[in-house]
Each structure stands twice: as structure tokens, then as C-alpha cells.
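Source file start-v9.cif; content: mmCIF, C-alpha atoms and all ligand atoms.
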data_run
loop_
_atom_site.label_atom_id
_atom_site.label_comp_id
_atom_site.auth_asym_id
_atom_site.auth_seq_id
_atom_site.Cartn_x
_atom_site.Cartn_y
_atom_site.Cartn_z
CA MET A 1 -32.17 -41.08 32.29
CA HIS A 2 -35.19 -38.97 33.27
CA ASP A 3 -38.26 -38.80 31.06
CA ARG A 4 -37.71 -36.21 28.38
CA TYR A 5 -40.14 -33.41 27.60
CA ALA A 6 -39.85 -30.23 25.54
CA VAL A 7 -41.65 -27.24 24.14
CA ILE A 8 -41.38 -26.82 20.39
CA GLY A 9 -41.92 -23.54 18.54
CA ASN A 10 -40.19 -21.05 16.28
CA PRO A 11 -38.98 -18.72 17.61
CA ILE A 12 -38.72 -20.29 21.05
CA GLY A 13 -36.11 -18.15 22.79
CA HIS A 14 -38.49 -16.40 25.18
CA SER A 15 -40.57 -19.43 26.15
CA LYS A 16 -41.28 -19.65 29.86
CA SER A 17 -42.31 -23.30 29.60
CA PRO A 18 -38.98 -24.86 30.71
CA GLN A 19 -38.94 -22.62 33.80
CA ILE A 20 -42.58 -23.38 34.63
CA GLN A 21 -42.38 -27.14 34.11
CA GLY A 22 -39.17 -27.19 36.15
CA LEU A 23 -40.96 -25.45 39.05
CA PHE A 24 -43.87 -27.89 38.83
CA ALA A 25 -41.52 -30.88 38.88
CA LYS A 26 -39.58 -29.52 41.83
CA ALA A 27 -42.77 -28.89 43.81
CA ALA A 28 -43.96 -32.43 43.05
CA GLY A 29 -40.58 -33.90 44.05
CA LEU A 30 -40.08 -35.26 40.53
CA GLU A 31 -37.17 -34.84 38.15
CA ILE A 32 -37.91 -34.11 34.53
CA ASP A 33 -35.67 -33.19 31.67
CA TYR A 34 -37.54 -30.37 29.89
CA THR A 35 -35.94 -28.35 27.11
CA ALA A 36 -36.96 -25.79 24.47
CA ILE A 37 -36.61 -26.84 20.85
CA GLU A 38 -36.57 -24.31 18.04
CA GLY A 39 -38.15 -26.45 15.32
CA PRO A 40 -36.91 -25.59 11.84
CA LEU A 41 -39.84 -24.36 9.71
CA GLY A 42 -41.13 -27.12 7.48
CA ALA A 43 -39.40 -29.84 9.51
CA PHE A 44 -41.86 -30.45 12.35
CA VAL A 45 -42.26 -34.16 11.66
CA ALA A 46 -38.52 -34.89 11.42
CA THR A 47 -37.81 -32.86 14.57
CA VAL A 48 -40.48 -34.60 16.64
CA ASP A 49 -39.57 -38.04 15.26
CA ALA A 50 -35.96 -37.45 16.38
CA PHE A 51 -37.08 -36.27 19.82
CA ARG A 52 -39.20 -39.40 20.29
CA ALA A 53 -36.36 -41.65 19.10
CA ASN A 54 -34.22 -40.08 21.85
CA GLY A 55 -36.64 -40.86 24.65
CA GLY A 56 -39.10 -37.95 24.33
CA ARG A 57 -42.34 -38.64 26.22
CA GLY A 58 -44.28 -35.45 25.60
CA MET A 59 -44.25 -31.93 24.19
CA ASN A 60 -45.87 -28.56 24.54
CA VAL A 61 -46.48 -27.04 21.16
CA THR A 62 -46.54 -23.36 20.36
CA ALA A 63 -46.64 -21.14 17.25
CA PRO A 64 -46.36 -21.89 14.40
CA PHE A 65 -46.70 -25.66 14.93
CA LYS A 66 -50.16 -26.11 16.50
CA LEU A 67 -51.64 -27.31 13.22
CA ASP A 68 -48.65 -29.54 12.43
CA ALA A 69 -49.08 -31.14 15.84
CA PHE A 70 -52.76 -31.68 15.07
CA ALA A 71 -51.84 -33.50 11.86
CA TYR A 72 -49.04 -35.49 13.57
CA ALA A 73 -51.32 -36.96 16.24
CA THR A 74 -52.87 -40.40 16.02
CA GLU A 75 -55.53 -39.61 18.67
CA ARG A 76 -57.07 -36.21 19.41
CA SER A 77 -59.31 -35.15 22.28
CA GLU A 78 -62.71 -33.64 21.44
CA ARG A 79 -61.59 -30.15 22.43
CA ALA A 80 -58.42 -30.45 20.31
CA GLN A 81 -60.62 -31.45 17.40
CA LEU A 82 -62.91 -28.48 17.81
CA ALA A 83 -60.00 -26.09 18.30
CA GLY A 84 -58.37 -27.56 15.18
CA ALA A 85 -55.11 -26.96 17.01
CA VAL A 86 -53.00 -28.85 19.50
CA ASN A 87 -50.82 -27.47 22.31
CA ALA A 88 -49.72 -30.68 24.03
CA LEU A 89 -48.62 -34.11 22.83
CA LYS A 90 -48.01 -37.35 24.68
CA PHE A 91 -46.05 -40.21 23.15
CA GLU A 92 -46.74 -43.84 24.03
CA GLY A 93 -45.00 -46.24 21.67
CA GLU A 94 -46.47 -45.65 18.23
CA ARG A 95 -49.39 -43.68 19.62
CA VAL A 96 -49.42 -39.87 19.70
CA PHE A 97 -52.12 -38.36 21.90
CA ALA A 98 -53.06 -34.73 21.27
CA GLU A 99 -54.68 -32.19 23.56
CA ASN A 100 -55.58 -28.53 23.66
CA PHE A 101 -55.43 -27.25 27.23
CA ASP A 102 -55.75 -23.53 26.47
CA GLY A 103 -59.50 -23.41 27.02
CA VAL A 104 -59.56 -25.52 30.17
CA GLY A 105 -56.63 -23.50 31.51
CA LEU A 106 -58.56 -20.31 30.85
CA VAL A 107 -61.70 -21.60 32.57
CA ARG A 108 -59.71 -22.86 35.54
CA ASP A 109 -58.07 -19.45 35.91
CA VAL A 110 -61.35 -17.53 35.76
CA VAL A 111 -63.45 -19.86 37.88
CA HIS A 112 -60.87 -21.02 40.42
CA ASN A 113 -58.12 -18.38 40.63
CA LEU A 114 -60.26 -15.30 39.98
CA ALA A 115 -63.35 -16.79 41.63
CA ARG A 116 -65.63 -15.69 38.77
CA PRO A 117 -67.97 -18.57 37.88
CA LEU A 118 -69.18 -18.60 34.29
CA ALA A 119 -72.33 -20.51 35.21
CA GLY A 120 -75.41 -18.41 34.61
CA LYS A 121 -73.37 -15.45 33.31
CA ARG A 122 -73.58 -13.50 30.06
CA VAL A 123 -70.26 -14.13 28.36
CA LEU A 124 -68.79 -12.26 25.40
CA LEU A 125 -65.95 -13.81 23.42
CA LEU A 126 -64.13 -11.45 21.05
CA GLY A 127 -62.48 -13.15 18.09
CA ALA A 128 -63.12 -16.33 16.12
CA GLY A 129 -59.57 -17.53 15.43
CA GLY A 130 -57.58 -20.31 17.05
CA ALA A 131 -57.59 -18.82 20.56
CA ALA A 132 -61.38 -18.39 20.54
CA ARG A 133 -61.99 -21.87 19.13
CA GLY A 134 -59.95 -23.41 21.95
CA ALA A 135 -62.08 -21.67 24.58
CA LEU A 136 -65.52 -22.51 23.20
CA LEU A 137 -66.25 -26.01 24.50
CA PRO A 138 -64.75 -25.43 27.97
CA PHE A 139 -66.86 -22.23 28.23
CA LEU A 140 -70.08 -23.99 27.26
CA GLN A 141 -69.39 -26.81 29.71
CA GLN A 142 -69.65 -24.19 32.46
CA GLN A 143 -73.26 -23.51 31.42
CA PRO A 144 -73.23 -19.74 30.95
CA ALA A 145 -76.62 -18.02 30.54
CA SER A 146 -75.44 -16.97 27.08
CA LEU A 147 -72.29 -16.89 25.00
CA PHE A 148 -71.90 -14.37 22.19
CA ILE A 149 -68.99 -14.66 19.76
CA ALA A 150 -68.19 -11.30 18.14
CA ASN A 151 -65.78 -11.09 15.24
CA ARG A 152 -64.64 -8.53 12.68
CA SER A 153 -65.32 -11.04 9.87
CA ILE A 154 -68.91 -11.74 10.86
CA ASP A 155 -69.28 -14.97 8.88
CA LYS A 156 -66.50 -16.63 10.90
CA ALA A 157 -68.31 -15.91 14.17
CA VAL A 158 -71.64 -17.13 12.81
CA LYS A 159 -70.05 -20.33 11.48
CA LEU A 160 -68.21 -21.03 14.70
CA ALA A 161 -71.38 -20.59 16.76
CA ALA A 162 -73.22 -22.95 14.40
CA GLU A 163 -70.51 -25.61 14.92
CA VAL A 164 -71.24 -25.83 18.65
CA LYS A 165 -74.88 -24.84 18.80
CA GLY A 166 -75.89 -28.24 20.18
CA GLN A 167 -73.67 -27.64 23.22
CA GLY A 168 -75.27 -24.55 24.72
CA PRO A 169 -76.81 -21.08 24.24
CA VAL A 170 -74.29 -19.67 21.78
CA THR A 171 -74.68 -17.11 18.99
CA GLY A 172 -72.24 -15.33 16.73
CA GLY A 173 -72.21 -11.97 14.97
CA GLY A 174 -70.38 -8.73 14.34
CA TYR A 175 -69.39 -5.92 16.70
CA ALA A 176 -72.41 -3.85 15.63
CA ALA A 177 -74.66 -6.47 17.23
CA LEU A 178 -73.17 -5.57 20.63
CA ALA A 179 -74.81 -2.14 20.65
CA ASP A 180 -77.72 -3.16 22.88
CA GLN A 181 -76.20 -6.01 24.90
CA ALA A 182 -74.28 -6.09 28.19
CA PHE A 183 -72.04 -8.89 29.48
CA ASP A 184 -70.71 -10.04 32.84
CA ILE A 185 -67.40 -11.30 31.44
CA VAL A 186 -65.69 -10.10 28.26
CA PHE A 187 -62.78 -12.15 26.89
CA ASN A 188 -60.46 -10.71 24.29
CA ALA A 189 -59.36 -13.70 22.21
CA THR A 190 -58.41 -11.59 19.18
CA SER A 191 -54.79 -11.04 18.24
CA ALA A 192 -55.38 -7.26 18.13
CA SER A 193 -53.33 -6.53 21.26
CA LEU A 194 -50.25 -8.12 19.73
CA ARG A 195 -50.27 -5.29 17.20
CA GLY A 196 -51.30 -2.53 19.57
CA GLU A 197 -54.86 -2.56 18.16
CA VAL A 198 -58.17 -2.80 19.94
CA PRO A 199 -61.36 -4.59 18.88
CA PRO A 200 -64.28 -2.16 18.53
CA VAL A 201 -66.22 -3.12 21.68
CA PRO A 202 -68.78 -0.50 22.74
CA TYR A 203 -68.42 0.62 26.36
CA THR A 204 -72.02 -0.47 26.98
CA ALA A 205 -70.94 -4.11 26.49
CA PHE A 206 -69.48 -4.15 30.02
CA ALA A 207 -72.23 -4.75 32.59
CA PRO A 208 -71.76 -3.23 36.07
CA GLY A 209 -69.15 -5.33 37.93
CA ALA A 210 -67.92 -6.95 34.70
CA LEU A 211 -64.58 -8.71 34.33
CA ALA A 212 -62.45 -7.85 31.28
CA TYR A 213 -60.01 -10.67 30.48
CA GLU A 214 -57.20 -10.39 27.94
CA LEU A 215 -55.92 -13.79 26.80
CA VAL A 216 -52.47 -12.42 25.96
CA TYR A 217 -50.19 -12.18 28.98
CA GLY A 218 -47.12 -10.32 30.13
CA LYS A 219 -47.88 -7.13 28.20
CA GLY A 220 -49.28 -5.05 31.04
CA LEU A 221 -52.29 -2.87 30.24
CA THR A 222 -53.06 -3.81 26.61
CA PRO A 223 -55.26 -1.55 24.44
CA PHE A 224 -58.27 -3.77 25.24
CA LEU A 225 -57.68 -3.64 28.99
CA ARG A 226 -57.11 0.12 28.77
CA LEU A 227 -60.40 0.51 26.92
CA ALA A 228 -62.14 -1.52 29.61
CA ARG A 229 -60.54 0.46 32.41
CA ASN A 230 -61.44 3.75 30.70
CA THR A 231 -65.07 2.68 30.58
CA GLY A 232 -65.01 2.09 34.34
CA VAL A 233 -64.38 -1.66 34.49
CA GLN A 234 -62.64 -2.47 37.77
CA HIS A 235 -61.91 -6.14 37.31
CA LEU A 236 -59.11 -6.64 34.79
CA ALA A 237 -57.03 -9.74 34.12
CA ASP A 238 -54.53 -10.90 31.58
CA GLY A 239 -53.75 -14.47 30.52
CA VAL A 240 -50.92 -15.19 32.93
CA GLY A 241 -53.12 -17.52 34.96
CA MET A 242 -54.42 -19.18 31.81
CA PHE A 243 -50.85 -19.82 30.70
CA ALA A 244 -49.86 -21.31 34.06
CA GLU A 245 -53.01 -23.45 34.21
CA GLN A 246 -52.64 -24.91 30.71
CA ALA A 247 -49.06 -25.81 31.63
CA ALA A 248 -50.30 -27.47 34.82
CA GLU A 249 -52.88 -29.45 32.82
CA ALA A 250 -50.12 -30.75 30.55
CA PHE A 251 -47.93 -31.65 33.53
CA ALA A 252 -50.81 -33.53 35.15
CA TRP A 253 -51.58 -35.33 31.88
CA TRP A 254 -47.97 -36.51 31.57
CA LYS A 255 -47.06 -37.17 35.20
CA GLY A 256 -50.37 -37.83 36.97
CA VAL A 257 -49.85 -35.07 39.55
CA ARG A 258 -51.61 -31.71 39.33
CA PRO A 259 -49.23 -28.95 40.38
CA ASP A 260 -50.15 -25.86 42.34
CA THR A 261 -49.85 -22.82 40.08
CA ARG A 262 -49.67 -20.02 42.64
CA ASP A 263 -45.89 -19.59 42.67
CA VAL A 264 -45.67 -19.69 38.90
CA ILE A 265 -48.40 -17.09 38.51
CA ARG A 266 -46.69 -14.87 41.08
CA GLN A 267 -43.36 -15.13 39.28
CA LEU A 268 -44.76 -14.37 35.82
CA THR A 269 -47.23 -11.63 36.72
CA VAL A 270 -46.64 -8.27 35.07
CA PRO A 271 -48.66 -5.47 36.71
CA LEU A 272 -51.59 -4.16 34.65
CA VAL A 273 -50.50 -0.54 34.51
P1 LIG A 301 -55.23 -16.71 17.03
O1 LIG A 301 -54.78 -18.10 16.78
O2 LIG A 301 -54.35 -15.90 17.91
O3 LIG A 301 -56.67 -16.64 17.44
P2 LIG A 301 -56.00 -16.05 14.35
O4 LIG A 301 -56.53 -17.42 14.16
O5 LIG A 301 -55.21 -15.41 13.24
O6 LIG A 301 -55.07 -15.96 15.61
O7 LIG A 301 -57.23 -15.10 14.72
C1 LIG A 301 -57.06 -13.77 15.04
C2 LIG A 301 -58.39 -13.22 15.53
O8 LIG A 301 -58.19 -11.86 15.95
C3 LIG A 301 -59.48 -13.18 14.47
O9 LIG A 301 -60.72 -13.39 15.09
C4 LIG A 301 -59.35 -11.75 13.94
O10 LIG A 301 -60.53 -11.26 13.35
P3 LIG A 301 -60.85 -11.61 11.78
O11 LIG A 301 -61.26 -13.03 11.76
O12 LIG A 301 -61.95 -10.68 11.43
O13 LIG A 301 -59.57 -11.34 11.05
C5 LIG A 301 -59.09 -11.02 15.23
N1 LIG A 301 -58.45 -9.69 15.07
C6 LIG A 301 -57.17 -9.42 14.77
N2 LIG A 301 -56.94 -8.09 14.76
C7 LIG A 301 -58.11 -7.49 15.09
C8 LIG A 301 -58.53 -6.14 15.26
N3 LIG A 301 -57.69 -5.10 15.11
N4 LIG A 301 -59.82 -5.90 15.60
C9 LIG A 301 -60.69 -6.93 15.77
N5 LIG A 301 -60.35 -8.23 15.61
C10 LIG A 301 -59.09 -8.52 15.28
#

I need this file expressed as C-alpha cells, please.
Amino acid sequence: MHDRYAVIGNPIGHSKSPQIQGLFAKAAGLEIDYTAIEGPLGAFVATVDAFRANGGRGMNVTAPFKLDAFAYATERSERAQLAGAVNALKFEGERVFAENFDGVGLVRDVVHNLARPLAGKRVLLLGAGGAARGALLPFLQQQPASLFIANRSIDKAVKLAAEVKGQGPVTGGGYAALADQAFDIVFNATSASLRGEVPPVPYTAFAPGALAYELVYGKGLTPFLRLARNTGVQHLADGVGMFAEQAAEAFAWWKGVRPDTRDVIRQLTVPLV
């Protein structure tokens, strides 16, 4: 029997993970058995226990189980701890290793695929929820000139910045504080786009030549990307590359081979129109 892997979430019907992991395995000349599991709400532990008992070696974890996965783990990476959420698990006997690859996947996409280094740049991160938390440490490791976290609930941004202030030049505040600042890269890590809303970013926040990056993917020109385009921003990206890269990180963590993501990104890309 091949090693068993799965993605767990609820709902899970539209997950692209089985397709992506299958492509990675094929490209690496490996066979893996990767399925999608719709975990019953409130039964995360029982579902994962059963999967492990049947030969499960690892899982991707998606909504609403990222916190359950955090609690289930016996060992958590530093970035998973800071994110407070887990998107990949690895099982070795009694041990359950937990990771959060969203932030590293995002950085890899921006720096490698989009060829936009964060080093020395002025970076704006919109949002202070789970998605933003996951990105923080990987961003700071790139040594940006500055990182500003802007959030609707100002106290959450200020608190989050304080949590990582030893790691780099990071500050937090509200959207009003953006009035007299410009940034080279603006990341939308709020959930606003999922509801057709747009965070109140002033057009002056985009420096000439800026990149506007929407962490959500597959939704075309979201309200945030439209706002950026309407203010003259020419470099727009959504999170398709981030999604492919976090999947590749998980594959590499499990199988020891880092897959090439180009085909996957090509297959999943939805034009930004
Ligand atoms: P996720 O895990 O996707 O980050 P979350 O933890 O619920 O989800 O966080 C959602 C983030 O989107 C928060 O930063 C939220 O701002 P508040 O903390 O002020 O609620 C932000 N958000 C959601 N809708 C928004 C909107 N219309 N404008 C600005 N920010 C918004």
C-alpha cells in the first residue's frame, strides 16, 4: 500500500489539494494515495485518529480545522506557534508534527515566482487575523525596510506587531495611519474580498511601481485588486502561487523532494479581469 495522505476540511468538495499533490507526485515519479476528507464538525480528533490508524502519514488542514490541528499536534514549528494555526501535519508513530506553510509559500511566490524581493522594501500587510499572522515571521525573515500591519480593529494590529517586535522593524495601527505613507508591496490578508468588500486603503499607499497582492485566489479581480488597478497599480497578483507553494512545501516536508510548481500554477490561474 502507498503512503496515505489527505486534506481535511468542511466543506471540502472544491479542494484542489488532491489534484495538486497528485501532479507533484507524478512529476517526482512517486505514487501517493491522497484523498479529501470532509471532517464532521466537532469530530476532528476521531477523524484524524482513524486516518492514522489506517496508515495515514500526513494531512493538509483547511477551514475550519486549523485550530483543532494546532491543538492535536505534539510538536509545533515556531511559525505555526506564532500563527496559532496549522495547515499541515505529519505523523510519525505517536508524534504529530505541525507546520504552517502559508507564509513561507507566500514569500516564495513573491520573491521567487514574481521576482519581487521583500528585502529593503516598505511592506504593508492589511489584516491581523489568521492569514496575516501566518505571514508575519516569514516576511520579517526577508528583512524588509519596514512592515506596517493595518487593521480595522486597531488594537489587534498593535498587539500583533508587539508580539514580533524583536524580529524586525514592524509597527501596527489603523487605516487612518496610512494617510501619509507609501509602500512598495501591499498584501491584502483580510477576508474582505470573500464578502465582496474592500479594506479602506488610501490610493496614496501604493508607491510608484508597487505590487498589490491578494492572498485569496481564483476569484479574478477582487475588490482590493480593482481598487489597486483603479489607482494606477500595474503589478497585480492573487494567491494562486502562494497556494501552490504552500502545497509544495508540505509535499517536500513529507516526501523529501521539492516539486516544481509551474504547471500547477498554470493550471489553477484565473485571469485577473
Ligand atoms: P483569516 O483567518 O482569513 O485571516 P480572520 O482571522 O477572521 O480570518 O480575520 C479576518 C481579517 O479580515 C481581520 O483582520 C478583519 O479585520 P478585524 O480584525 O477588524 O475584524 C479583516 N476584515 C474582514 N472584513 C474586512 C473589511 N470589510 N474591511 C477591512 N478589514 C476586514

How far is it from CA of Gln267 in chain A to CA of Ile8 in chain A, in Å with one decimal?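 Computing the Euclidean distance for CA of Gln267 in chain A and CA of Ile8 in chain A yields 22.3 Å.
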
Excluding Ala88 in chain A and any residue of its chain fewer than 4 positions from it, enumerate the residues within 9 Å of it, using only C-alpha atoms, and give them as a PyMOL selection string. chain A and resi 7+58-62+66+69+97-101+250

Test item: residues lying within 6 Å of ligand LIG 301 (chain A) with only C-alpha atoms and all ligand atoms, as a PyMOL selection string: chain A and resi 127-132+151-153+190-192+197-199

Residues near Gly218 in chain A, cut-off 9 Å, all atoms listed in the file, skip fewer than 5 positions along chain, as a PyMOL selection string: chain A and resi 238-240+268-272

If you count only C-alpha atoms, the residue of A:Ile185, A:Leu147, A:Ala212, A:Leu23 closest to Arg226 in chain A turns out to be A:Ala212

Find the distance between CA of Glu31 in chain A and CA of Phe65 in chain A and write it in Å to one decimal.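 Taking CA of Glu31 in chain A and CA of Phe65 in chain A, their separation equals 26.7 Å.
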
If we count only C-alpha atoms and set the cut-off at 12 Å, which residues sit around range 158-164 of chain A, ignoring sequence neighbours fewer than 5 positions away in its own chain? Please answer as an NGL selection string. :A and (78-79 or 81-84 or 125 or 127-130 or 132-141 or 146-153 or 169-174 or 177)

Give me the residues within 12 Å of Gly39 in chain A as number ranges by chain, counting all atoms listed in the file and dropping any in the same chain fewer than 6 places off. A: 6-13, 45-51, 61-65, 68-69

Given all atoms listed in the file as the counted atoms, nearest of A:Ala237, A:Ala36, A:His2, A:Leu178 to Ser17 in chain A: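 Of A:Ala237, A:Ala36, A:His2, A:Leu178, the one nearest Ser17 in chain A is A:Ala36, counting all atoms listed in the file.
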
Counting all atoms listed in the file, which residue out of A:Leu225, A:Ala80, A:Leu114, A:Ala179 sits closest to Ser193 in chain A? A:Leu225

Which is closer to Arg116 in chain A than all the others in A:His235, A:Lys90, A:Arg229, A:Lys16, using only C-alpha atoms?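 Answer, going by the shortest atom-to-atom distance: A:His235.
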
When distances are computed from all atoms listed in the file, which of A:Asp263, A:Glu94, A:Asp33, A:Asp3 shows the smallest separation from Glu245 in chain A?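 Using all atoms listed in the file, Glu245 in chain A sits closest to A:Asp263.
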
So how far away is CA of Arg258 in chain A from CA of Pro117 in chain A, in Å?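 It comes out at 21.0 Å.
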
Would you mind completing range 201-235 of chain A to N, CA and C atoms and writing the output as a PDB file, in the frame of the given file?
ATOM      1  N   VAL A 201     -65.165  -2.767  20.711  1.00  0.00           N
ATOM      2  CA  VAL A 201     -66.220  -3.120  21.680  1.00  0.00           C
ATOM      3  C   VAL A 201     -66.843  -1.838  22.206  1.00  0.00           C
ATOM      4  N   PRO A 202     -68.166  -1.694  22.155  1.00  0.00           N
ATOM      5  CA  PRO A 202     -68.780  -0.500  22.740  1.00  0.00           C
ATOM      6  C   PRO A 202     -68.692  -0.534  24.270  1.00  0.00           C
ATOM      7  N   TYR A 203     -68.588   0.612  24.897  1.00  0.00           N
ATOM      8  CA  TYR A 203     -68.420   0.620  26.360  1.00  0.00           C
ATOM      9  C   TYR A 203     -69.630   0.032  27.069  1.00  0.00           C
ATOM     10  N   THR A 204     -70.791   0.071  26.388  1.00  0.00           N
ATOM     11  CA  THR A 204     -72.020  -0.470  26.980  1.00  0.00           C
ATOM     12  C   THR A 204     -71.988  -2.006  27.082  1.00  0.00           C
ATOM     13  N   ALA A 205     -71.001  -2.631  26.447  1.00  0.00           N
ATOM     14  CA  ALA A 205     -70.940  -4.110  26.490  1.00  0.00           C
ATOM     15  C   ALA A 205     -70.534  -4.604  27.879  1.00  0.00           C
ATOM     16  N   PHE A 206     -69.923  -3.733  28.685  1.00  0.00           N
ATOM     17  CA  PHE A 206     -69.480  -4.150  30.020  1.00  0.00           C
ATOM     18  C   PHE A 206     -70.591  -3.863  31.035  1.00  0.00           C
ATOM     19  N   ALA A 207     -71.191  -4.922  31.567  1.00  0.00           N
ATOM     20  CA  ALA A 207     -72.230  -4.750  32.590  1.00  0.00           C
ATOM     21  C   ALA A 207     -71.573  -4.245  33.880  1.00  0.00           C
ATOM     22  N   PRO A 208     -72.344  -3.649  34.783  1.00  0.00           N
ATOM     23  CA  PRO A 208     -71.760  -3.230  36.070  1.00  0.00           C
ATOM     24  C   PRO A 208     -71.092  -4.444  36.753  1.00  0.00           C
ATOM     25  N   GLY A 209     -69.862  -4.250  37.246  1.00  0.00           N
ATOM     26  CA  GLY A 209     -69.150  -5.330  37.930  1.00  0.00           C
ATOM     27  C   GLY A 209     -68.480  -6.318  36.983  1.00  0.00           C
ATOM     28  N   ALA A 210     -68.452  -5.989  35.689  1.00  0.00           N
ATOM     29  CA  ALA A 210     -67.920  -6.950  34.700  1.00  0.00           C
ATOM     30  C   ALA A 210     -66.434  -7.200  34.897  1.00  0.00           C
ATOM     31  N   LEU A 211     -66.012  -8.368  34.406  1.00  0.00           N
ATOM     32  CA  LEU A 211     -64.580  -8.710  34.330  1.00  0.00           C
ATOM     33  C   LEU A 211     -64.155  -8.608  32.872  1.00  0.00           C
ATOM     34  N   ALA A 212     -63.045  -7.907  32.628  1.00  0.00           N
ATOM     35  CA  ALA A 212     -62.450  -7.850  31.280  1.00  0.00           C
ATOM     36  C   ALA A 212     -61.185  -8.702  31.311  1.00  0.00           C
ATOM     37  N   TYR A 213     -61.115  -9.699  30.451  1.00  0.00           N
ATOM     38  CA  TYR A 213     -60.010 -10.670  30.480  1.00  0.00           C
ATOM     39  C   TYR A 213     -59.314 -10.684  29.121  1.00  0.00           C
ATOM     40  N   GLU A 214     -58.049 -10.387  29.155  1.00  0.00           N
ATOM     41  CA  GLU A 214     -57.200 -10.390  27.940  1.00  0.00           C
ATOM     42  C   GLU A 214     -56.438 -11.707  27.897  1.00  0.00           C
ATOM     43  N   LEU A 215     -56.575 -12.478  26.822  1.00  0.00           N
ATOM     44  CA  LEU A 215     -55.920 -13.790  26.800  1.00  0.00           C
ATOM     45  C   LEU A 215     -54.394 -13.709  26.668  1.00  0.00           C
ATOM     46  N   VAL A 216     -53.923 -12.633  26.045  1.00  0.00           N
ATOM     47  CA  VAL A 216     -52.470 -12.420  25.960  1.00  0.00           C
ATOM     48  C   VAL A 216     -51.958 -12.140  27.367  1.00  0.00           C
ATOM     49  N   TYR A 217     -50.699 -12.496  27.650  1.00  0.00           N
ATOM     50  CA  TYR A 217     -50.190 -12.180  28.980  1.00  0.00           C
ATOM     51  C   TYR A 217     -48.813 -11.545  28.917  1.00  0.00           C
ATOM     52  N   GLY A 218     -48.464 -10.882  30.007  1.00  0.00           N
ATOM     53  CA  GLY A 218     -47.120 -10.320  30.130  1.00  0.00           C
ATOM     54  C   GLY A 218     -46.927  -8.997  29.422  1.00  0.00           C
ATOM     55  N   LYS A 219     -48.015  -8.391  28.934  1.00  0.00           N
ATOM     56  CA  LYS A 219     -47.880  -7.130  28.200  1.00  0.00           C
ATOM     57  C   LYS A 219     -48.457  -5.953  28.969  1.00  0.00           C
ATOM     58  N   GLY A 220     -48.751  -6.155  30.241  1.00  0.00           N
ATOM     59  CA  GLY A 220     -49.280  -5.050  31.040  1.00  0.00           C
ATOM     60  C   GLY A 220     -50.672  -4.662  30.567  1.00  0.00           C
ATOM     61  N   LEU A 221     -50.957  -3.357  30.619  1.00  0.00           N
ATOM     62  CA  LEU A 221     -52.290  -2.870  30.240  1.00  0.00           C
ATOM     63  C   LEU A 221     -52.376  -2.788  28.712  1.00  0.00           C
ATOM     64  N   THR A 222     -52.947  -3.787  28.083  1.00  0.00           N
ATOM     65  CA  THR A 222     -53.060  -3.810  26.610  1.00  0.00           C
ATOM     66  C   THR A 222     -54.133  -2.804  26.186  1.00  0.00           C
ATOM     67  N   PRO A 223     -54.211  -2.502  24.886  1.00  0.00           N
ATOM     68  CA  PRO A 223     -55.260  -1.550  24.440  1.00  0.00           C
ATOM     69  C   PRO A 223     -56.664  -1.988  24.859  1.00  0.00           C
ATOM     70  N   PHE A 224     -56.943  -3.290  24.821  1.00  0.00           N
ATOM     71  CA  PHE A 224     -58.270  -3.770  25.240  1.00  0.00           C
ATOM     72  C   PHE A 224     -58.495  -3.514  26.727  1.00  0.00           C
ATOM     73  N   LEU A 225     -57.506  -3.835  27.545  1.00  0.00           N
ATOM     74  CA  LEU A 225     -57.680  -3.640  28.990  1.00  0.00           C
ATOM     75  C   LEU A 225     -57.766  -2.135  29.311  1.00  0.00           C
ATOM     76  N   ARG A 226     -57.029  -1.330  28.541  1.00  0.00           N
ATOM     77  CA  ARG A 226     -57.110   0.120  28.770  1.00  0.00           C
ATOM     78  C   ARG A 226     -58.508   0.627  28.432  1.00  0.00           C
ATOM     79  N   LEU A 227     -59.044   0.126  27.309  1.00  0.00           N
ATOM     80  CA  LEU A 227     -60.400   0.510  26.920  1.00  0.00           C
ATOM     81  C   LEU A 227     -61.385   0.154  28.040  1.00  0.00           C
ATOM     82  N   ALA A 228     -61.228  -1.079  28.547  1.00  0.00           N
ATOM     83  CA  ALA A 228     -62.140  -1.520  29.610  1.00  0.00           C
ATOM     84  C   ALA A 228     -61.989  -0.625  30.840  1.00  0.00           C
ATOM     85  N   ARG A 229     -60.759  -0.377  31.225  1.00  0.00           N
ATOM     86  CA  ARG A 229     -60.540   0.460  32.410  1.00  0.00           C
ATOM     87  C   ARG A 229     -61.119   1.863  32.196  1.00  0.00           C
ATOM     88  N   ASN A 230     -60.929   2.411  30.980  1.00  0.00           N
ATOM     89  CA  ASN A 230     -61.440   3.750  30.700  1.00  0.00           C
ATOM     90  C   ASN A 230     -62.955   3.820  30.693  1.00  0.00           C
ATOM     91  N   THR A 231     -63.605   2.658  30.512  1.00  0.00           N
ATOM     92  CA  THR A 231     -65.070   2.680  30.580  1.00  0.00           C
ATOM     93  C   THR A 231     -65.552   2.378  31.997  1.00  0.00           C
ATOM     94  N   GLY A 232     -64.629   2.257  32.931  1.00  0.00           N
ATOM     95  CA  GLY A 232     -65.010   2.090  34.340  1.00  0.00           C
ATOM     96  C   GLY A 232     -64.954   0.670  34.854  1.00  0.00           C
ATOM     97  N   VAL A 233     -64.472  -0.269  34.030  1.00  0.00           N
ATOM     98  CA  VAL A 233     -64.380  -1.660  34.490  1.00  0.00           C
ATOM     99  C   VAL A 233     -63.278  -1.772  35.545  1.00  0.00           C
ATOM    100  N   GLN A 234     -63.614  -2.393  36.668  1.00  0.00           N
ATOM    101  CA  GLN A 234     -62.640  -2.470  37.770  1.00  0.00           C
ATOM    102  C   GLN A 234     -61.934  -3.801  37.847  1.00  0.00           C
ATOM    103  N   HIS A 235     -62.508  -4.812  37.240  1.00  0.00           N
ATOM    104  CA  HIS A 235     -61.910  -6.140  37.310  1.00  0.00           C
ATOM    105  C   HIS A 235     -61.217  -6.447  35.979  1.00  0.00           C
TER     106      HIS A 235
END
